[in-house]
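Trainee: Next up is a structure, given as structure tokens.
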Amino acid sequence: MNGKKLINRYIQSKSTIMVFVILLVFSSIVFADKNFFSILSLQNLVKKGASEGGFLALGMTFVILLGQIDLSVGSVLALSGVVMAMFGNENPLLGILLGLAVGLACGFVNGLMVAKMKISSWVATLAMMLGIRGVVLLITSQKAVSLTNSTLVYFSGGKVLGISSIIWLLLILTLICMYISRNTRLGMGLYAVGGNEEAARMMGLKVDAIKIAAYTFCGLFAAIAGMVLASKLYTAQPTAGDSWETTAIAMCALGSVKLSGGEGRFSGTFFGILIIAVINTIFNYAGSLNSWWQNIIMGVLILISIGLQSQVIHLPSGSKNRMEQGGSTI
């Protein structure tokens, strides 16, 4: 392998981390009085990223690796949170299980529509998004459902070894996703189908099953996001997660997950989550800046990220084949 290819591979594997470090150092200098580099601030940063779309981004990564999309995750988030609150105040375990079941069911149905009914992922998940949002508003009469059980609040308020339970949950789920992508048939299948679906079929891979599994995982992570958000707010809002699918996609794109499929890493998504959290924190500290600039900067960063993926940072074909065979690397 020549030097140029080695440089390209190194840049692609480390670009997201480098962007995060640059933003973190910049923020630490500009907001030195805020102790941006302290352990507590870093923990708050991870917690902020996790509770404001991080779990959605992990689930979305499964689907994007296929070259697909899921527009329904925000609505699934809201429904799962509401279901957990409605049943969990009396029986926390039942509420949590039902909340997770809602996410799994919605994701499974999305997968069936895309894989078996051959409906475009945009159309199928858009229909699911609108339908579920209507169901949420209907069953709640457009009113929030309060969480009164202390067990449910532990999702956001609890600590383990002095670290927030949300942070532990994000780290554990990220590691699980990384393991799946690197060491399981599903993980290898995601890269193979996302890279070339017809070639994957010729290899004997069960493409439909892989798609259904990816969407089911996406729905499960949306449910987790909904329950964590409801726990953080002490209430399940019927409008929760509105437009959060765009935030999740942005986190994946900034994490160098290729939106056309076949390339990307869950570790990259993790740092994409942190990048969004840093940007949001910068705007919170710089209160004089118009919040519209936040959307403009986010859009520019996503365009730059996609441009780098398609032009400057381009994996050689040999590297892509290895990713299809062995999954992603850290």
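Here's how to read the names in the structure tokens: chain A, B, ... by the order shown, residue numbers from 1 in each chain, ligand numbers from 1 in the order shown.
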Excluding region 110-112 of chain A and its own-chain neighbours fewer than 5 positions away, which residues fall within 12 Å of it when counting only C-alpha atoms? Please give them as a ChimeraX atom specification.
Mentor: /A:62-63,66,68-73,76,103-105,117-129,132,207-219
Trainee: Tell me, which residues of region 13-236 of chain A carry DSSP alpha helix (DSSP H), written as a PyMOL selection string?
Mentor: chain A and resi 13-30+39-49+55-64+73-88+92-115+121-140+150-157+165-183+185-195+197-202+207-233
Trainee: In Å, rounded to a single decimal, give me how far CA of Leu42 (chain A) is from CA of Gly59 (chain A).
Mentor: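 A separation of 23.3 Å between them.
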Trainee: Can you work out the spacing between CA of Lys206 (chain A) and CA of Gly261 (chain A) in Å, to one decimal?
Mentor: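 So the answer is 17.2 Å.
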Trainee: Would you kindly return, as a ChimeraX atom specification, each protein, DNA or RNA residue with an atom no farther than 12 Å from any atom of region 138-150 of chain A, considering only C-alpha atoms and excluding same-chain residues fewer than 2 positions away?
Mentor: /A:78-93,95-96,131-136,152-158,227-240
